[in-house]
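Peer 1: Pasting data.txt below, which is compact mmCIF, N, CA and C atoms.
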```txt
# COMPACT_ATOMS: atom_id res chain seq x y z
N MET G 1 86.42 43.20 147.34
CA MET G 1 86.88 41.83 147.30
C MET G 1 88.03 41.67 148.29
N SER G 2 87.93 40.69 149.15
CA SER G 2 88.97 40.48 150.15
C SER G 2 90.12 39.67 149.57
N VAL G 3 91.27 39.85 150.17
CA VAL G 3 92.46 39.13 149.73
C VAL G 3 92.43 37.73 150.35
N PRO G 4 92.60 36.68 149.54
CA PRO G 4 92.59 35.33 150.09
C PRO G 4 93.83 35.07 150.95
N ALA G 5 93.68 34.13 151.87
CA ALA G 5 94.80 33.77 152.76
C ALA G 5 95.91 33.06 152.00
N ILE G 6 95.55 32.29 151.00
CA ILE G 6 96.51 31.48 150.24
C ILE G 6 96.35 31.75 148.76
N SER G 7 97.46 31.93 148.08
CA SER G 7 97.47 32.01 146.61
C SER G 7 98.24 30.81 146.09
N VAL G 8 97.59 30.05 145.23
CA VAL G 8 98.23 28.92 144.56
C VAL G 8 98.51 29.38 143.15
N ILE G 9 99.75 29.26 142.70
CA ILE G 9 100.09 29.67 141.35
C ILE G 9 100.42 28.44 140.52
N MET G 10 100.02 28.48 139.25
CA MET G 10 100.20 27.33 138.40
C MET G 10 100.54 27.76 136.97
N PRO G 11 101.78 27.54 136.54
CA PRO G 11 102.06 27.73 135.12
C PRO G 11 101.51 26.52 134.37
N ALA G 12 101.04 26.74 133.16
CA ALA G 12 100.48 25.63 132.40
C ALA G 12 100.94 25.71 130.95
N TYR G 13 101.43 24.60 130.44
CA TYR G 13 101.80 24.51 129.03
C TYR G 13 101.53 23.10 128.54
N ASN G 14 100.61 22.99 127.62
CA ASN G 14 100.24 21.69 127.04
C ASN G 14 99.98 20.63 128.11
N GLY G 15 99.20 21.01 129.10
CA GLY G 15 98.90 20.10 130.20
C GLY G 15 97.47 19.62 130.24
N ALA G 16 96.78 19.65 129.11
CA ALA G 16 95.35 19.30 129.09
C ALA G 16 95.09 17.92 129.70
N ALA G 17 96.00 16.99 129.54
CA ALA G 17 95.80 15.63 130.06
C ALA G 17 95.86 15.58 131.58
N TRP G 18 96.51 16.56 132.21
CA TRP G 18 96.73 16.51 133.66
C TRP G 18 96.12 17.67 134.43
N ILE G 19 95.89 18.78 133.79
CA ILE G 19 95.52 19.99 134.53
C ILE G 19 94.18 19.85 135.24
N GLY G 20 93.25 19.09 134.68
CA GLY G 20 91.95 18.90 135.33
C GLY G 20 92.11 18.25 136.69
N ALA G 21 92.93 17.21 136.78
CA ALA G 21 93.17 16.53 138.06
C ALA G 21 93.89 17.45 139.04
N THR G 22 94.79 18.27 138.53
CA THR G 22 95.51 19.20 139.39
C THR G 22 94.56 20.23 139.99
N ILE G 23 93.69 20.79 139.16
CA ILE G 23 92.71 21.76 139.64
C ILE G 23 91.74 21.11 140.61
N ASP G 24 91.29 19.89 140.30
CA ASP G 24 90.39 19.16 141.20
C ASP G 24 91.02 18.97 142.57
N SER G 25 92.33 18.76 142.61
CA SER G 25 93.03 18.59 143.88
C SER G 25 92.94 19.86 144.72
N VAL G 26 93.09 21.00 144.09
CA VAL G 26 92.97 22.27 144.81
C VAL G 26 91.52 22.46 145.27
N LEU G 27 90.57 22.19 144.40
CA LEU G 27 89.16 22.34 144.75
C LEU G 27 88.73 21.43 145.90
N ALA G 28 89.39 20.30 146.06
CA ALA G 28 89.02 19.31 147.07
C ALA G 28 89.51 19.66 148.48
N GLN G 29 90.32 20.70 148.62
CA GLN G 29 90.85 21.04 149.93
C GLN G 29 89.73 21.51 150.86
N LYS G 30 89.85 21.15 152.12
CA LYS G 30 88.86 21.58 153.12
C LYS G 30 88.98 23.08 153.39
N PHE G 31 90.19 23.60 153.37
CA PHE G 31 90.43 25.03 153.56
C PHE G 31 89.93 25.74 152.30
N SER G 32 89.13 26.78 152.45
CA SER G 32 88.50 27.38 151.27
C SER G 32 88.91 28.82 150.98
N ASP G 33 89.75 29.41 151.82
CA ASP G 33 90.14 30.81 151.62
C ASP G 33 91.41 30.88 150.76
N TRP G 34 91.27 30.56 149.48
CA TRP G 34 92.40 30.53 148.57
C TRP G 34 91.99 31.08 147.21
N GLU G 35 92.99 31.38 146.42
CA GLU G 35 92.80 31.70 145.01
C GLU G 35 93.78 30.83 144.22
N LEU G 36 93.41 30.50 143.02
CA LEU G 36 94.28 29.76 142.12
C LEU G 36 94.51 30.63 140.90
N VAL G 37 95.76 30.99 140.66
CA VAL G 37 96.12 31.81 139.52
C VAL G 37 96.87 30.91 138.53
N ILE G 38 96.26 30.70 137.37
CA ILE G 38 96.83 29.84 136.34
C ILE G 38 97.27 30.71 135.17
N VAL G 39 98.50 30.50 134.72
CA VAL G 39 98.98 31.20 133.53
C VAL G 39 99.21 30.17 132.44
N ASP G 40 98.40 30.26 131.38
CA ASP G 40 98.59 29.40 130.22
C ASP G 40 99.71 30.01 129.38
N ASP G 41 100.77 29.25 129.20
CA ASP G 41 101.97 29.73 128.52
C ASP G 41 101.91 29.40 127.02
N CYS G 42 100.81 29.80 126.38
CA CYS G 42 100.61 29.61 124.94
C CYS G 42 100.53 28.13 124.56
N SER G 43 99.75 27.38 125.30
CA SER G 43 99.57 25.95 125.01
C SER G 43 99.05 25.76 123.59
N THR G 44 99.43 24.64 123.00
CA THR G 44 98.98 24.29 121.65
C THR G 44 98.05 23.08 121.66
N ASP G 45 97.78 22.55 122.83
CA ASP G 45 96.85 21.42 122.95
C ASP G 45 95.50 21.97 123.45
N GLY G 46 94.72 21.21 124.15
CA GLY G 46 93.41 21.64 124.62
C GLY G 46 93.40 22.35 125.96
N THR G 47 94.56 22.74 126.46
CA THR G 47 94.63 23.38 127.77
C THR G 47 93.78 24.65 127.83
N ARG G 48 93.92 25.51 126.86
CA ARG G 48 93.18 26.77 126.86
C ARG G 48 91.67 26.52 126.84
N THR G 49 91.22 25.55 126.08
CA THR G 49 89.80 25.22 126.01
C THR G 49 89.30 24.72 127.36
N LEU G 50 90.08 23.86 128.00
CA LEU G 50 89.70 23.34 129.32
C LEU G 50 89.65 24.47 130.34
N LEU G 51 90.62 25.36 130.31
CA LEU G 51 90.65 26.46 131.28
C LEU G 51 89.45 27.40 131.09
N ALA G 52 88.97 27.51 129.87
CA ALA G 52 87.82 28.38 129.60
C ALA G 52 86.53 27.86 130.23
N THR G 53 86.50 26.60 130.63
CA THR G 53 85.30 26.02 131.23
C THR G 53 85.22 26.24 132.74
N LEU G 54 86.28 26.73 133.35
CA LEU G 54 86.32 26.89 134.81
C LEU G 54 85.40 28.02 135.24
N ARG G 55 84.59 27.76 136.26
CA ARG G 55 83.62 28.74 136.72
C ARG G 55 83.77 29.14 138.18
N ASP G 56 84.69 28.54 138.91
CA ASP G 56 84.88 28.89 140.32
C ASP G 56 85.49 30.29 140.39
N PRO G 57 84.87 31.22 141.11
CA PRO G 57 85.39 32.59 141.16
C PRO G 57 86.75 32.72 141.83
N ARG G 58 87.19 31.69 142.53
CA ARG G 58 88.50 31.73 143.17
C ARG G 58 89.63 31.41 142.17
N ILE G 59 89.26 30.99 140.97
CA ILE G 59 90.25 30.63 139.95
C ILE G 59 90.33 31.74 138.92
N ARG G 60 91.56 32.23 138.72
CA ARG G 60 91.81 33.24 137.69
C ARG G 60 92.75 32.65 136.65
N VAL G 61 92.40 32.81 135.40
CA VAL G 61 93.21 32.29 134.31
C VAL G 61 93.76 33.45 133.50
N LEU G 62 95.06 33.44 133.31
CA LEU G 62 95.74 34.43 132.49
C LEU G 62 96.36 33.72 131.30
N HIS G 63 96.53 34.44 130.22
CA HIS G 63 97.14 33.87 129.02
C HIS G 63 98.37 34.69 128.66
N ALA G 64 99.52 34.03 128.65
CA ALA G 64 100.76 34.71 128.28
C ALA G 64 100.67 35.14 126.81
N GLU G 65 101.28 36.26 126.51
CA GLU G 65 101.28 36.75 125.13
C GLU G 65 102.24 35.97 124.24
N ALA G 66 103.28 35.41 124.83
CA ALA G 66 104.26 34.61 124.10
C ALA G 66 104.76 33.52 125.05
N ASN G 67 105.14 32.39 124.49
CA ASN G 67 105.66 31.30 125.31
C ASN G 67 107.00 31.72 125.88
N GLY G 68 107.07 31.77 127.22
CA GLY G 68 108.29 32.20 127.88
C GLY G 68 108.88 31.14 128.79
N GLY G 69 108.24 29.97 128.83
CA GLY G 69 108.73 28.91 129.70
C GLY G 69 108.12 29.00 131.10
N PRO G 70 108.35 27.96 131.89
CA PRO G 70 107.70 27.88 133.19
C PRO G 70 108.11 28.97 134.18
N VAL G 71 109.34 29.43 134.11
CA VAL G 71 109.78 30.46 135.07
C VAL G 71 109.04 31.77 134.82
N LEU G 72 108.94 32.19 133.57
CA LEU G 72 108.24 33.44 133.27
C LEU G 72 106.75 33.32 133.57
N ALA G 73 106.14 32.17 133.25
CA ALA G 73 104.72 31.97 133.55
C ALA G 73 104.49 31.97 135.06
N ARG G 74 105.38 31.34 135.80
CA ARG G 74 105.27 31.32 137.26
C ARG G 74 105.43 32.73 137.81
N ASN G 75 106.37 33.50 137.28
CA ASN G 75 106.56 34.87 137.75
C ASN G 75 105.34 35.73 137.43
N GLN G 76 104.72 35.52 136.29
CA GLN G 76 103.53 36.28 135.94
C GLN G 76 102.40 35.94 136.92
N ALA G 77 102.23 34.66 137.25
CA ALA G 77 101.22 34.25 138.22
C ALA G 77 101.51 34.85 139.59
N PHE G 78 102.77 34.81 139.98
CA PHE G 78 103.18 35.37 141.27
C PHE G 78 102.86 36.86 141.34
N ALA G 79 103.16 37.59 140.28
CA ALA G 79 102.89 39.03 140.25
C ALA G 79 101.38 39.30 140.32
N GLU G 80 100.60 38.45 139.70
CA GLU G 80 99.14 38.62 139.71
C GLU G 80 98.57 38.32 141.09
N ALA G 81 99.16 37.36 141.78
CA ALA G 81 98.67 36.98 143.11
C ALA G 81 98.97 38.10 144.09
```
With the file now loaded, output its structure as structure tokens.

Peer 2:
Amino acid sequence: MSVPAISVIMPAYNGAAWIGATIDSVLAQKFSDWELVIVDDCSTDGTRTLLATLRDPRIRVLHAEANGGPVLARNQAFAEA
């Protein structure tokens, strides 16, 4: 597996109402050599369910073991990228 040119990182917490549009924005880019690393920070809404439906191989979804806030989720995504 080759390393993508661009890594987009996204912390997510209770963002079910908005995350679909955010992901669609990344998918709509003309440049295609990217990965999207999403860290669900223990959402309590439908975020986790929505993320489970993603099938694009360039998108990786991680689930934090405990809610640590956006900085820790962002750092986890950064480390994964």

Peer 1: Taking (99.1, 33.8, 128.4) in the coordinates of the supplied file, I want to know which residues reach to within 8 Å of it, counting all atoms listed in the file; could you give the answer as a list of chain:residue names?

Peer 2: G:Ile38, G:Val39, G:Asp40, G:Asp41, G:Cys42, G:Ser43, G:Val61, G:Leu62, G:His63, G:Ala64, G:Glu65, G:Ala66, G:Asn67, G:Ala73

Peer 1: How about saving the chosen residues, N, CA and C atoms kept, as a tab-separated table (two decimals), keeping the file's coordinate frame?

Peer 2:
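After the write, out-v4.tsv holds the following:
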```
chain	number	residue	atom	x	y	z
G	38	ILE	N	96.26	30.70	137.37
G	38	ILE	CA	96.83	29.84	136.34
G	38	ILE	C	97.27	30.71	135.17
G	39	VAL	N	98.50	30.50	134.72
G	39	VAL	CA	98.98	31.20	133.53
G	39	VAL	C	99.21	30.17	132.44
G	40	ASP	N	98.40	30.26	131.38
G	40	ASP	CA	98.59	29.40	130.22
G	40	ASP	C	99.71	30.01	129.38
G	41	ASP	N	100.77	29.25	129.20
G	41	ASP	CA	101.97	29.73	128.52
G	41	ASP	C	101.91	29.40	127.02
G	42	CYS	N	100.81	29.80	126.38
G	42	CYS	CA	100.61	29.61	124.94
G	42	CYS	C	100.53	28.13	124.56
G	43	SER	N	99.75	27.38	125.30
G	43	SER	CA	99.57	25.95	125.01
G	43	SER	C	99.05	25.76	123.59
G	61	VAL	N	92.40	32.81	135.40
G	61	VAL	CA	93.21	32.29	134.31
G	61	VAL	C	93.76	33.45	133.50
G	62	LEU	N	95.06	33.44	133.31
G	62	LEU	CA	95.74	34.43	132.49
G	62	LEU	C	96.36	33.72	131.30
G	63	HIS	N	96.53	34.44	130.22
G	63	HIS	CA	97.14	33.87	129.02
G	63	HIS	C	98.37	34.69	128.66
G	64	ALA	N	99.52	34.03	128.65
G	64	ALA	CA	100.76	34.71	128.28
G	64	ALA	C	100.67	35.14	126.81
G	65	GLU	N	101.28	36.26	126.51
G	65	GLU	CA	101.28	36.75	125.13
G	65	GLU	C	102.24	35.97	124.24
G	66	ALA	N	103.28	35.41	124.83
G	66	ALA	CA	104.26	34.61	124.10
G	66	ALA	C	104.76	33.52	125.05
G	67	ASN	N	105.14	32.39	124.49
G	67	ASN	CA	105.66	31.30	125.31
G	67	ASN	C	107.00	31.72	125.88
G	73	ALA	N	106.14	32.17	133.25
G	73	ALA	CA	104.72	31.97	133.55
G	73	ALA	C	104.49	31.97	135.06
```

Peer 1: Can you pull out every residue within 8 Å of Ala17 in chain G, counting all atoms listed in the file, but drop anything in the same chain fewer than 6 positions away, and send it as a ChimeraX atom specification?

Peer 2: /G:45-47

Peer 1: Could you state the separation of CA of Trp34 in chain G and atom N of Pro4 in chain G in Å, given to one decimal place?

Peer 2: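 Interatomic distance here is 6.2 Å.
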
Peer 1: What parts of chain G does DSSP call strand (DSSP E or B)? I'd like the answer as a VMD selection string.

Peer 2: chain G and resid 6 to 12 34 to 40 59 to 63

Peer 1: Any idea what the distance is between CA of Pro57 in chain G and CA of Leu36 in chain G?

Peer 2: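 CA of Pro57 in chain G sits 9.4 Å away from CA of Leu36 in chain G.
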
Peer 1: Considering only C-alpha atoms, can you say which of G:Ala5, G:Ala21, G:Arg58, G:Tyr13 comes closest to Pro70 in chain G?

Peer 2: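 Closest residue, counting only C-alpha atoms: G:Tyr13.
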
Peer 1: What is the CA of Asp33 in chain G to CA of Gly69 in chain G distance in Å?

Peer 2: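 Going from CA of Asp33 in chain G over to CA of Gly69 in chain G, I get 28.8 Å.
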
Peer 1: From a DSSP calculation on the backbone, collect every residue of chain G in alpha helix (DSSP H) and output the set as a PDB file with N, CA and C atoms, in the coordinates of the input.

Peer 2:
```pdb
ATOM      1  N   ALA G  16      96.780  19.650 129.110  1.00  0.00           N
ATOM      2  CA  ALA G  16      95.350  19.300 129.090  1.00  0.00           C
ATOM      3  C   ALA G  16      95.090  17.920 129.700  1.00  0.00           C
ATOM      4  N   ALA G  17      96.000  16.990 129.540  1.00  0.00           N
ATOM      5  CA  ALA G  17      95.800  15.630 130.060  1.00  0.00           C
ATOM      6  C   ALA G  17      95.860  15.580 131.580  1.00  0.00           C
ATOM      7  N   TRP G  18      96.510  16.560 132.210  1.00  0.00           N
ATOM      8  CA  TRP G  18      96.730  16.510 133.660  1.00  0.00           C
ATOM      9  C   TRP G  18      96.120  17.670 134.430  1.00  0.00           C
ATOM     10  N   ILE G  19      95.890  18.780 133.790  1.00  0.00           N
ATOM     11  CA  ILE G  19      95.520  19.990 134.530  1.00  0.00           C
ATOM     12  C   ILE G  19      94.180  19.850 135.240  1.00  0.00           C
ATOM     13  N   GLY G  20      93.250  19.090 134.680  1.00  0.00           N
ATOM     14  CA  GLY G  20      91.950  18.900 135.330  1.00  0.00           C
ATOM     15  C   GLY G  20      92.110  18.250 136.690  1.00  0.00           C
ATOM     16  N   ALA G  21      92.930  17.210 136.780  1.00  0.00           N
ATOM     17  CA  ALA G  21      93.170  16.530 138.060  1.00  0.00           C
ATOM     18  C   ALA G  21      93.890  17.450 139.040  1.00  0.00           C
ATOM     19  N   THR G  22      94.790  18.270 138.530  1.00  0.00           N
ATOM     20  CA  THR G  22      95.510  19.200 139.390  1.00  0.00           C
ATOM     21  C   THR G  22      94.560  20.230 139.990  1.00  0.00           C
ATOM     22  N   ILE G  23      93.690  20.790 139.160  1.00  0.00           N
ATOM     23  CA  ILE G  23      92.710  21.760 139.640  1.00  0.00           C
ATOM     24  C   ILE G  23      91.740  21.110 140.610  1.00  0.00           C
ATOM     25  N   ASP G  24      91.290  19.890 140.300  1.00  0.00           N
ATOM     26  CA  ASP G  24      90.390  19.160 141.200  1.00  0.00           C
ATOM     27  C   ASP G  24      91.020  18.970 142.570  1.00  0.00           C
ATOM     28  N   SER G  25      92.330  18.760 142.610  1.00  0.00           N
ATOM     29  CA  SER G  25      93.030  18.590 143.880  1.00  0.00           C
ATOM     30  C   SER G  25      92.940  19.860 144.720  1.00  0.00           C
ATOM     31  N   VAL G  26      93.090  21.000 144.090  1.00  0.00           N
ATOM     32  CA  VAL G  26      92.970  22.270 144.810  1.00  0.00           C
ATOM     33  C   VAL G  26      91.520  22.460 145.270  1.00  0.00           C
ATOM     34  N   LEU G  27      90.570  22.190 144.400  1.00  0.00           N
ATOM     35  CA  LEU G  27      89.160  22.340 144.750  1.00  0.00           C
ATOM     36  C   LEU G  27      88.730  21.430 145.900  1.00  0.00           C
ATOM     37  N   THR G  47      94.560  22.740 126.460  1.00  0.00           N
ATOM     38  CA  THR G  47      94.630  23.380 127.770  1.00  0.00           C
ATOM     39  C   THR G  47      93.780  24.650 127.830  1.00  0.00           C
ATOM     40  N   ARG G  48      93.920  25.510 126.860  1.00  0.00           N
ATOM     41  CA  ARG G  48      93.180  26.770 126.860  1.00  0.00           C
ATOM     42  C   ARG G  48      91.670  26.520 126.840  1.00  0.00           C
ATOM     43  N   THR G  49      91.220  25.550 126.080  1.00  0.00           N
ATOM     44  CA  THR G  49      89.800  25.220 126.010  1.00  0.00           C
ATOM     45  C   THR G  49      89.300  24.720 127.360  1.00  0.00           C
ATOM     46  N   LEU G  50      90.080  23.860 128.000  1.00  0.00           N
ATOM     47  CA  LEU G  50      89.700  23.340 129.320  1.00  0.00           C
ATOM     48  C   LEU G  50      89.650  24.470 130.340  1.00  0.00           C
ATOM     49  N   LEU G  51      90.620  25.360 130.310  1.00  0.00           N
ATOM     50  CA  LEU G  51      90.650  26.460 131.280  1.00  0.00           C
ATOM     51  C   LEU G  51      89.450  27.400 131.090  1.00  0.00           C
ATOM     52  N   GLY G  69     108.240  29.970 128.830  1.00  0.00           N
ATOM     53  CA  GLY G  69     108.730  28.910 129.700  1.00  0.00           C
ATOM     54  C   GLY G  69     108.120  29.000 131.100  1.00  0.00           C
ATOM     55  N   PRO G  70     108.350  27.960 131.890  1.00  0.00           N
ATOM     56  CA  PRO G  70     107.700  27.880 133.190  1.00  0.00           C
ATOM     57  C   PRO G  70     108.110  28.970 134.180  1.00  0.00           C
ATOM     58  N   VAL G  71     109.340  29.430 134.110  1.00  0.00           N
ATOM     59  CA  VAL G  71     109.780  30.460 135.070  1.00  0.00           C
ATOM     60  C   VAL G  71     109.040  31.770 134.820  1.00  0.00           C
ATOM     61  N   LEU G  72     108.940  32.190 133.570  1.00  0.00           N
ATOM     62  CA  LEU G  72     108.240  33.440 133.270  1.00  0.00           C
ATOM     63  C   LEU G  72     106.750  33.320 133.570  1.00  0.00           C
ATOM     64  N   ALA G  73     106.140  32.170 133.250  1.00  0.00           N
ATOM     65  CA  ALA G  73     104.720  31.970 133.550  1.00  0.00           C
ATOM     66  C   ALA G  73     104.490  31.970 135.060  1.00  0.00           C
ATOM     67  N   ARG G  74     105.380  31.340 135.800  1.00  0.00           N
ATOM     68  CA  ARG G  74     105.270  31.320 137.260  1.00  0.00           C
ATOM     69  C   ARG G  74     105.430  32.730 137.810  1.00  0.00           C
ATOM     70  N   ASN G  75     106.370  33.500 137.280  1.00  0.00           N
ATOM     71  CA  ASN G  75     106.560  34.870 137.750  1.00  0.00           C
ATOM     72  C   ASN G  75     105.340  35.730 137.430  1.00  0.00           C
ATOM     73  N   GLN G  76     104.720  35.520 136.290  1.00  0.00           N
ATOM     74  CA  GLN G  76     103.530  36.280 135.940  1.00  0.00           C
ATOM     75  C   GLN G  76     102.400  35.940 136.920  1.00  0.00           C
ATOM     76  N   ALA G  77     102.230  34.660 137.250  1.00  0.00           N
ATOM     77  CA  ALA G  77     101.220  34.250 138.220  1.00  0.00           C
ATOM     78  C   ALA G  77     101.510  34.850 139.590  1.00  0.00           C
ATOM     79  N   PHE G  78     102.770  34.810 139.980  1.00  0.00           N
ATOM     80  CA  PHE G  78     103.180  35.370 141.270  1.00  0.00           C
ATOM     81  C   PHE G  78     102.860  36.860 141.340  1.00  0.00           C
ATOM     82  N   ALA G  79     103.160  37.590 140.280  1.00  0.00           N
ATOM     83  CA  ALA G  79     102.890  39.030 140.250  1.00  0.00           C
ATOM     84  C   ALA G  79     101.380  39.300 140.320  1.00  0.00           C
ATOM     85  N   GLU G  80     100.600  38.450 139.700  1.00  0.00           N
ATOM     86  CA  GLU G  80      99.140  38.620 139.710  1.00  0.00           C
ATOM     87  C   GLU G  80      98.570  38.320 141.090  1.00  0.00           C
TER      88      GLU G  80
END
```

Peer 1: Which residues are near Phe78 in chain G? Cut-off 10 Å, only C-alpha atoms, ignore same chain within fewer than 2 positions. Put them as a list in words.

Peer 2: Ser7, Val8, Ile9, Met10, Pro11, Val37, Ile38, Val39, Leu72, Ala73, Arg74, Asn75, Gln76, Glu80 and Ala81 of chain G

Peer 1: Add whatever atoms are absent from range 53-74 of chain G to reach N, CA, C and O atoms, and provide the output as a PDB file, keeping the file's coordinate frame.

Peer 2:
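That gives us rebuild31.pdb:
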```
ATOM      1  N   THR G  53      86.500  26.600 130.630  1.00  0.00           N
ATOM      2  CA  THR G  53      85.300  26.020 131.230  1.00  0.00           C
ATOM      3  C   THR G  53      85.220  26.240 132.740  1.00  0.00           C
ATOM      4  O   THR G  53      84.188  25.963 133.345  1.00  0.00           O
ATOM      5  N   LEU G  54      86.280  26.730 133.350  1.00  0.00           N
ATOM      6  CA  LEU G  54      86.320  26.890 134.810  1.00  0.00           C
ATOM      7  C   LEU G  54      85.400  28.020 135.240  1.00  0.00           C
ATOM      8  O   LEU G  54      85.423  29.106 134.675  1.00  0.00           O
ATOM      9  N   ARG G  55      84.590  27.760 136.260  1.00  0.00           N
ATOM     10  CA  ARG G  55      83.620  28.740 136.720  1.00  0.00           C
ATOM     11  C   ARG G  55      83.770  29.140 138.180  1.00  0.00           C
ATOM     12  O   ARG G  55      83.040  29.984 138.665  1.00  0.00           O
ATOM     13  N   ASP G  56      84.690  28.540 138.910  1.00  0.00           N
ATOM     14  CA  ASP G  56      84.880  28.890 140.320  1.00  0.00           C
ATOM     15  C   ASP G  56      85.490  30.290 140.390  1.00  0.00           C
ATOM     16  O   ASP G  56      86.539  30.547 139.782  1.00  0.00           O
ATOM     17  N   PRO G  57      84.870  31.220 141.110  1.00  0.00           N
ATOM     18  CA  PRO G  57      85.390  32.590 141.160  1.00  0.00           C
ATOM     19  C   PRO G  57      86.750  32.720 141.830  1.00  0.00           C
ATOM     20  O   PRO G  57      87.409  33.759 141.701  1.00  0.00           O
ATOM     21  N   ARG G  58      87.190  31.690 142.530  1.00  0.00           N
ATOM     22  CA  ARG G  58      88.500  31.730 143.170  1.00  0.00           C
ATOM     23  C   ARG G  58      89.630  31.410 142.170  1.00  0.00           C
ATOM     24  O   ARG G  58      90.803  31.539 142.505  1.00  0.00           O
ATOM     25  N   ILE G  59      89.260  30.990 140.970  1.00  0.00           N
ATOM     26  CA  ILE G  59      90.250  30.630 139.950  1.00  0.00           C
ATOM     27  C   ILE G  59      90.330  31.740 138.920  1.00  0.00           C
ATOM     28  O   ILE G  59      89.338  32.147 138.335  1.00  0.00           O
ATOM     29  N   ARG G  60      91.560  32.230 138.720  1.00  0.00           N
ATOM     30  CA  ARG G  60      91.810  33.240 137.690  1.00  0.00           C
ATOM     31  C   ARG G  60      92.750  32.650 136.650  1.00  0.00           C
ATOM     32  O   ARG G  60      93.767  32.043 137.006  1.00  0.00           O
ATOM     33  N   VAL G  61      92.400  32.810 135.400  1.00  0.00           N
ATOM     34  CA  VAL G  61      93.210  32.290 134.310  1.00  0.00           C
ATOM     35  C   VAL G  61      93.760  33.450 133.500  1.00  0.00           C
ATOM     36  O   VAL G  61      93.013  34.335 133.075  1.00  0.00           O
ATOM     37  N   LEU G  62      95.060  33.440 133.310  1.00  0.00           N
ATOM     38  CA  LEU G  62      95.740  34.430 132.490  1.00  0.00           C
ATOM     39  C   LEU G  62      96.360  33.720 131.300  1.00  0.00           C
ATOM     40  O   LEU G  62      96.682  32.523 131.385  1.00  0.00           O
ATOM     41  N   HIS G  63      96.530  34.440 130.220  1.00  0.00           N
ATOM     42  CA  HIS G  63      97.140  33.870 129.020  1.00  0.00           C
ATOM     43  C   HIS G  63      98.370  34.690 128.660  1.00  0.00           C
ATOM     44  O   HIS G  63      98.263  35.894 128.406  1.00  0.00           O
ATOM     45  N   ALA G  64      99.520  34.030 128.650  1.00  0.00           N
ATOM     46  CA  ALA G  64     100.760  34.710 128.280  1.00  0.00           C
ATOM     47  C   ALA G  64     100.670  35.140 126.810  1.00  0.00           C
ATOM     48  O   ALA G  64     100.054  34.459 125.991  1.00  0.00           O
ATOM     49  N   GLU G  65     101.280  36.260 126.510  1.00  0.00           N
ATOM     50  CA  GLU G  65     101.280  36.750 125.130  1.00  0.00           C
ATOM     51  C   GLU G  65     102.240  35.970 124.240  1.00  0.00           C
ATOM     52  O   GLU G  65     102.036  35.872 123.040  1.00  0.00           O
ATOM     53  N   ALA G  66     103.280  35.410 124.830  1.00  0.00           N
ATOM     54  CA  ALA G  66     104.260  34.610 124.100  1.00  0.00           C
ATOM     55  C   ALA G  66     104.760  33.520 125.050  1.00  0.00           C
ATOM     56  O   ALA G  66     104.806  33.722 126.255  1.00  0.00           O
ATOM     57  N   ASN G  67     105.140  32.390 124.490  1.00  0.00           N
ATOM     58  CA  ASN G  67     105.660  31.300 125.310  1.00  0.00           C
ATOM     59  C   ASN G  67     107.000  31.720 125.880  1.00  0.00           C
ATOM     60  O   ASN G  67     107.940  31.999 125.147  1.00  0.00           O
ATOM     61  N   GLY G  68     107.070  31.770 127.220  1.00  0.00           N
ATOM     62  CA  GLY G  68     108.290  32.200 127.880  1.00  0.00           C
ATOM     63  C   GLY G  68     108.880  31.140 128.790  1.00  0.00           C
ATOM     64  O   GLY G  68     109.879  31.377 129.449  1.00  0.00           O
ATOM     65  N   GLY G  69     108.240  29.970 128.830  1.00  0.00           N
ATOM     66  CA  GLY G  69     108.730  28.910 129.700  1.00  0.00           C
ATOM     67  C   GLY G  69     108.120  29.000 131.100  1.00  0.00           C
ATOM     68  O   GLY G  69     107.484  29.989 131.449  1.00  0.00           O
ATOM     69  N   PRO G  70     108.350  27.960 131.890  1.00  0.00           N
ATOM     70  CA  PRO G  70     107.700  27.880 133.190  1.00  0.00           C
ATOM     71  C   PRO G  70     108.110  28.970 134.180  1.00  0.00           C
ATOM     72  O   PRO G  70     107.305  29.404 134.997  1.00  0.00           O
ATOM     73  N   VAL G  71     109.340  29.430 134.110  1.00  0.00           N
ATOM     74  CA  VAL G  71     109.780  30.460 135.070  1.00  0.00           C
ATOM     75  C   VAL G  71     109.040  31.770 134.820  1.00  0.00           C
ATOM     76  O   VAL G  71     108.522  32.383 135.761  1.00  0.00           O
ATOM     77  N   LEU G  72     108.940  32.190 133.570  1.00  0.00           N
ATOM     78  CA  LEU G  72     108.240  33.440 133.270  1.00  0.00           C
ATOM     79  C   LEU G  72     106.750  33.320 133.570  1.00  0.00           C
ATOM     80  O   LEU G  72     106.142  34.245 134.120  1.00  0.00           O
ATOM     81  N   ALA G  73     106.140  32.170 133.250  1.00  0.00           N
ATOM     82  CA  ALA G  73     104.720  31.970 133.550  1.00  0.00           C
ATOM     83  C   ALA G  73     104.490  31.970 135.060  1.00  0.00           C
ATOM     84  O   ALA G  73     103.531  32.564 135.550  1.00  0.00           O
ATOM     85  N   ARG G  74     105.380  31.340 135.800  1.00  0.00           N
ATOM     86  CA  ARG G  74     105.270  31.320 137.260  1.00  0.00           C
ATOM     87  C   ARG G  74     105.430  32.730 137.810  1.00  0.00           C
ATOM     88  O   ARG G  74     104.679  33.139 138.711  1.00  0.00           O
TER      89      ARG G  74
END
```
